[in-house]
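Below is one structure, written out as C-alpha coordinates, with a few remarks after it.
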Amino acid sequence: MTQLDPNAIDKTFDTLQLHELLQQTRQAQHLTLETVSSQLNISVEQLQFLESDGLDPLNLTPFERGYVRNYAALLQIPREKYEYFFPQNKDMASQLHSVNRYYSFEDSKPFFSRPLGRALIYVLVLGMIGAVLWLLWPQAGLNTAAEQADLRLQAPNPAVIEPLPPLSE
(Lines give C-alpha, C1' and ligand atoms only; values in the text may rest on other atoms or scores of the structure.)
Protein backbone atom coordinates (compact mmCIF):
# COMPACT_ATOMS: atom_id res chain seq x y z
CA MET A 1 0.00 0.00 0.00
CA THR A 2 1.39 3.39 -0.92
CA GLN A 3 1.53 6.37 1.39
CA LEU A 4 -1.03 9.05 0.51
CA ASP A 5 0.05 12.66 0.30
CA PRO A 6 -1.92 14.61 2.99
CA ASN A 7 -1.67 17.79 0.91
CA ALA A 8 -3.58 16.12 -1.93
CA ILE A 9 -6.47 15.49 0.44
CA ASP A 10 -6.38 19.05 1.78
CA LYS A 11 -6.70 20.56 -1.71
CA THR A 12 -9.97 18.81 -2.51
CA PHE A 13 -11.31 18.33 1.01
CA ASP A 14 -13.73 21.24 1.00
CA THR A 15 -15.36 20.26 -2.28
CA LEU A 16 -15.53 16.46 -1.85
CA GLN A 17 -18.33 14.44 -0.34
CA LEU A 18 -17.50 11.51 1.96
CA HIS A 19 -18.14 8.87 -0.71
CA GLU A 20 -15.91 10.77 -3.16
CA LEU A 21 -13.15 11.11 -0.58
CA LEU A 22 -13.19 7.35 0.04
CA GLN A 23 -13.34 6.44 -3.65
CA GLN A 24 -10.66 8.88 -4.83
CA THR A 25 -8.30 7.97 -1.99
CA ARG A 26 -8.68 4.26 -2.79
CA GLN A 27 -8.07 4.86 -6.49
CA ALA A 28 -5.04 7.07 -5.75
CA GLN A 29 -3.53 4.14 -3.84
CA HIS A 30 -4.30 1.77 -6.76
CA LEU A 31 -6.46 -0.52 -4.62
CA THR A 32 -9.33 -2.53 -6.06
CA LEU A 33 -12.63 -3.03 -4.30
CA GLU A 34 -11.86 -6.75 -4.02
CA THR A 35 -8.54 -6.07 -2.30
CA VAL A 36 -10.13 -3.66 0.18
CA SER A 37 -13.02 -6.07 0.70
CA SER A 38 -10.68 -8.89 1.68
CA GLN A 39 -8.64 -6.64 3.98
CA LEU A 40 -11.68 -5.22 5.77
CA ASN A 41 -13.68 -8.47 5.67
CA ILE A 42 -16.80 -6.78 4.29
CA SER A 43 -18.58 -7.35 1.00
CA VAL A 44 -17.80 -5.57 -2.25
CA GLU A 45 -21.45 -4.44 -2.33
CA GLN A 46 -21.03 -2.72 1.03
CA LEU A 47 -17.91 -0.95 -0.24
CA GLN A 48 -19.76 0.11 -3.37
CA PHE A 49 -22.47 1.56 -1.14
CA LEU A 50 -19.87 3.50 0.85
CA GLU A 51 -18.50 4.94 -2.40
CA SER A 52 -21.90 5.64 -4.01
CA ASP A 53 -23.88 8.88 -4.26
CA GLY A 54 -26.51 7.33 -1.99
CA LEU A 55 -24.23 7.47 1.05
CA ASP A 56 -25.70 9.86 3.61
CA PRO A 57 -23.32 10.18 6.59
CA LEU A 58 -26.08 11.58 8.80
CA ASN A 59 -28.26 8.47 8.42
CA LEU A 60 -25.67 5.72 8.85
CA THR A 61 -26.14 2.98 11.41
CA PRO A 62 -23.41 2.50 14.03
CA PHE A 63 -22.13 -0.52 12.06
CA GLU A 64 -21.92 1.49 8.86
CA ARG A 65 -20.06 4.24 10.70
CA GLY A 66 -17.64 1.60 11.90
CA TYR A 67 -17.19 0.45 8.31
CA VAL A 68 -16.43 4.04 7.28
CA ARG A 69 -13.96 4.40 10.15
CA ASN A 70 -12.18 1.13 9.28
CA TYR A 71 -12.18 1.97 5.57
CA ALA A 72 -10.70 5.41 6.26
CA ALA A 73 -8.07 3.89 8.56
CA LEU A 74 -7.10 1.38 5.86
CA LEU A 75 -6.79 4.21 3.35
CA GLN A 76 -4.77 6.22 5.91
CA ILE A 77 -7.18 9.14 5.82
CA PRO A 78 -6.66 11.35 8.88
CA ARG A 79 -9.47 11.13 11.40
CA GLU A 80 -10.28 14.84 11.14
CA LYS A 81 -11.01 14.47 7.42
CA TYR A 82 -13.87 12.01 7.81
CA GLU A 83 -15.18 13.18 11.19
CA TYR A 84 -16.08 16.40 9.43
CA PHE A 85 -18.97 14.55 7.78
CA PHE A 86 -20.46 13.51 11.14
CA PRO A 87 -21.31 16.81 12.87
CA GLN A 88 -23.40 15.34 15.69
CA ASN A 89 -20.59 12.87 16.49
CA LYS A 90 -17.46 14.91 15.97
CA ASP A 91 -15.23 12.44 17.80
CA MET A 92 -16.68 9.29 16.21
CA ALA A 93 -13.36 7.46 15.94
CA SER A 94 -12.01 8.49 19.31
CA GLN A 95 -15.00 7.02 21.20
CA LEU A 96 -14.52 3.56 19.74
CA HIS A 97 -12.30 1.30 21.82
CA SER A 98 -11.20 -2.26 21.76
CA VAL A 99 -13.23 -4.73 23.81
CA ASN A 100 -10.04 -5.80 25.62
CA ARG A 101 -9.96 -2.38 27.28
CA TYR A 102 -12.98 -3.30 29.42
CA TYR A 103 -11.56 -6.47 30.97
CA SER A 104 -10.83 -5.66 34.57
CA PHE A 105 -9.66 -9.12 35.56
CA GLU A 106 -6.58 -11.06 34.63
CA ASP A 107 -7.45 -13.95 32.40
CA SER A 108 -5.58 -16.90 33.92
CA LYS A 109 -5.71 -20.63 33.37
CA PRO A 110 -8.11 -22.72 35.45
CA PHE A 111 -6.51 -24.56 38.37
CA PHE A 112 -6.77 -28.03 36.83
CA SER A 113 -5.00 -26.94 33.63
CA ARG A 114 -1.93 -25.85 35.60
CA PRO A 115 0.81 -28.41 36.32
CA LEU A 116 -0.05 -28.63 40.04
CA GLY A 117 -3.73 -29.20 39.27
CA ARG A 118 -2.94 -31.91 36.74
CA ALA A 119 -0.61 -33.64 39.23
CA LEU A 120 -3.40 -33.57 41.82
CA ILE A 121 -5.80 -35.16 39.35
CA TYR A 122 -3.30 -37.92 38.55
CA VAL A 123 -2.72 -38.67 42.25
CA LEU A 124 -6.46 -38.80 42.97
CA VAL A 125 -7.17 -41.10 40.01
CA LEU A 126 -4.34 -43.47 40.94
CA GLY A 127 -5.52 -43.45 44.59
CA MET A 128 -9.04 -44.35 43.55
CA ILE A 129 -7.80 -47.18 41.33
CA GLY A 130 -5.66 -48.48 44.19
CA ALA A 131 -8.58 -48.34 46.65
CA VAL A 132 -10.88 -50.24 44.27
CA LEU A 133 -8.22 -52.92 43.66
CA TRP A 134 -7.56 -53.26 47.40
CA LEU A 135 -11.25 -53.75 48.10
CA LEU A 136 -11.74 -56.30 45.33
CA TRP A 137 -8.49 -58.26 45.72
CA PRO A 138 -8.95 -61.59 47.58
CA GLN A 139 -7.00 -61.66 50.77
CA ALA A 140 -4.94 -64.77 51.68
CA GLY A 141 -6.19 -67.00 54.50
CA LEU A 142 -9.61 -65.42 54.82
CA ASN A 143 -12.28 -67.44 53.06
CA THR A 144 -15.96 -66.90 53.29
CA ALA A 145 -18.36 -69.69 54.26
CA ALA A 146 -19.35 -70.19 50.63
CA GLU A 147 -15.70 -70.55 49.60
CA GLN A 148 -15.13 -73.11 52.38
CA ALA A 149 -18.12 -75.17 51.20
CA ASP A 150 -16.78 -75.10 47.65
CA LEU A 151 -13.41 -76.32 48.88
CA ARG A 152 -15.05 -79.27 50.68
CA LEU A 153 -16.93 -80.32 47.56
CA GLN A 154 -13.83 -80.13 45.39
CA ALA A 155 -11.56 -82.21 47.63
CA PRO A 156 -13.55 -84.72 49.69
CA ASN A 157 -11.85 -86.46 52.61
CA PRO A 158 -11.46 -90.19 51.79
CA ALA A 159 -11.97 -91.21 55.45
CA VAL A 160 -15.38 -89.65 55.50
CA ILE A 161 -16.64 -91.29 52.34
CA GLU A 162 -19.15 -94.06 53.12
CA PRO A 163 -19.40 -97.07 50.86
CA LEU A 164 -22.43 -97.24 48.66
CA PRO A 165 -25.04 -99.89 49.54
CA PRO A 166 -25.22 -102.87 47.21
CA LEU A 167 -27.71 -102.77 44.44
CA SER A 168 -30.65 -105.07 44.95
CA GLU A 169 -32.07 -106.95 42.14
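In the C-alpha coordinates, chains take letters A, B, ... by order of appearance, with residues numbered from 1 within each chain and ligands from 1 in the order shown.
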Residues within 12 Å of Gln48 (chain A), only C-alpha atoms, excluding chain neighbours under 5 positions, as a list in words: His19, Glu20, Leu22, Gln23, Arg26, Thr32, Leu33, Glu34, Val36, Ser37, Ile42, Ser43, Asp53, Gly54, Leu55, Tyr67, Val68 and Tyr71 of chain A
Dump as a PDB file, in the first residue's frame, selection limited to N, CA and C atoms:
ATOM      1  N   HIS A  19     -18.283  10.003   0.202  1.00  0.00           N
ATOM      2  CA  HIS A  19     -18.136   8.875  -0.713  1.00  0.00           C
ATOM      3  C   HIS A  19     -17.064   9.162  -1.772  1.00  0.00           C
ATOM      4  N   GLU A  20     -16.952  10.408  -2.194  1.00  0.00           N
ATOM      5  CA  GLU A  20     -15.913  10.766  -3.164  1.00  0.00           C
ATOM      6  C   GLU A  20     -14.526  10.713  -2.534  1.00  0.00           C
ATOM      7  N   LEU A  22     -13.566   8.751  -0.094  1.00  0.00           N
ATOM      8  CA  LEU A  22     -13.188   7.348   0.041  1.00  0.00           C
ATOM      9  C   LEU A  22     -12.787   6.757  -1.317  1.00  0.00           C
ATOM     10  N   GLN A  23     -13.593   7.029  -2.326  1.00  0.00           N
ATOM     11  CA  GLN A  23     -13.338   6.442  -3.647  1.00  0.00           C
ATOM     12  C   GLN A  23     -12.049   6.982  -4.259  1.00  0.00           C
ATOM     13  N   ARG A  26      -8.941   5.658  -2.429  1.00  0.00           N
ATOM     14  CA  ARG A  26      -8.677   4.259  -2.792  1.00  0.00           C
ATOM     15  C   ARG A  26      -8.062   4.160  -4.176  1.00  0.00           C
ATOM     16  N   THR A  32      -8.049  -2.112  -5.495  1.00  0.00           N
ATOM     17  CA  THR A  32      -9.334  -2.530  -6.061  1.00  0.00           C
ATOM     18  C   THR A  32     -10.331  -2.740  -4.933  1.00  0.00           C
ATOM     19  N   LEU A  33     -11.596  -2.774  -5.301  1.00  0.00           N
ATOM     20  CA  LEU A  33     -12.633  -3.033  -4.301  1.00  0.00           C
ATOM     21  C   LEU A  33     -12.475  -4.428  -3.700  1.00  0.00           C
ATOM     22  N   GLU A  34     -12.047  -5.383  -4.515  1.00  0.00           N
ATOM     23  CA  GLU A  34     -11.864  -6.752  -4.022  1.00  0.00           C
ATOM     24  C   GLU A  34     -10.742  -6.821  -2.981  1.00  0.00           C
ATOM     25  N   VAL A  36      -9.659  -4.323  -1.037  1.00  0.00           N
ATOM     26  CA  VAL A  36     -10.126  -3.660   0.176  1.00  0.00           C
ATOM     27  C   VAL A  36     -11.153  -4.542   0.890  1.00  0.00           C
ATOM     28  N   SER A  37     -12.019  -5.190   0.120  1.00  0.00           N
ATOM     29  CA  SER A  37     -13.024  -6.072   0.696  1.00  0.00           C
ATOM     30  C   SER A  37     -12.380  -7.196   1.501  1.00  0.00           C
ATOM     31  N   ILE A  42     -15.424  -7.176   4.590  1.00  0.00           N
ATOM     32  CA  ILE A  42     -16.798  -6.782   4.288  1.00  0.00           C
ATOM     33  C   ILE A  42     -17.021  -7.006   2.796  1.00  0.00           C
ATOM     34  N   SER A  43     -18.261  -7.016   2.386  1.00  0.00           N
ATOM     35  CA  SER A  43     -18.576  -7.354   0.998  1.00  0.00           C
ATOM     36  C   SER A  43     -18.238  -6.201   0.058  1.00  0.00           C
ATOM     37  N   ASP A  53     -23.231   7.593  -4.523  1.00  0.00           N
ATOM     38  CA  ASP A  53     -23.875   8.880  -4.256  1.00  0.00           C
ATOM     39  C   ASP A  53     -24.951   8.753  -3.188  1.00  0.00           C
ATOM     40  N   GLY A  54     -25.444   7.546  -2.965  1.00  0.00           N
ATOM     41  CA  GLY A  54     -26.508   7.326  -1.992  1.00  0.00           C
ATOM     42  C   GLY A  54     -26.039   7.339  -0.552  1.00  0.00           C
ATOM     43  N   LEU A  55     -24.761   7.477  -0.319  1.00  0.00           N
ATOM     44  CA  LEU A  55     -24.231   7.470   1.048  1.00  0.00           C
ATOM     45  C   LEU A  55     -24.592   8.781   1.732  1.00  0.00           C
ATOM     46  N   TYR A  67     -17.761   0.802   9.607  1.00  0.00           N
ATOM     47  CA  TYR A  67     -17.186   0.451   8.305  1.00  0.00           C
ATOM     48  C   TYR A  67     -16.456   1.644   7.708  1.00  0.00           C
ATOM     49  N   VAL A  68     -17.077   2.829   7.806  1.00  0.00           N
ATOM     50  CA  VAL A  68     -16.427   4.043   7.284  1.00  0.00           C
ATOM     51  C   VAL A  68     -15.124   4.299   8.038  1.00  0.00           C
ATOM     52  N   TYR A  71     -12.557   1.704   6.967  1.00  0.00           N
ATOM     53  CA  TYR A  71     -12.179   1.968   5.574  1.00  0.00           C
ATOM     54  C   TYR A  71     -11.230   3.164   5.511  1.00  0.00           C
TER      55      TYR A  71
END
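Residue neighbourhood of Asp56 (chain A), excluding near-sequence residues (fewer than 5 positions): Gln17, Leu18, His19, Glu20, Phe49, Leu50, Glu51, Thr61, Glu64, Arg65, Val68, Phe85 and Phe86 of chain A, at 12 Å, using only C-alpha atoms.
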Pairwise distance for CA of Gln39 (chain A) and CA of Arg79 (chain A), rounded to one decimal in Å: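 Distance between the two atoms: 19.3 Å.
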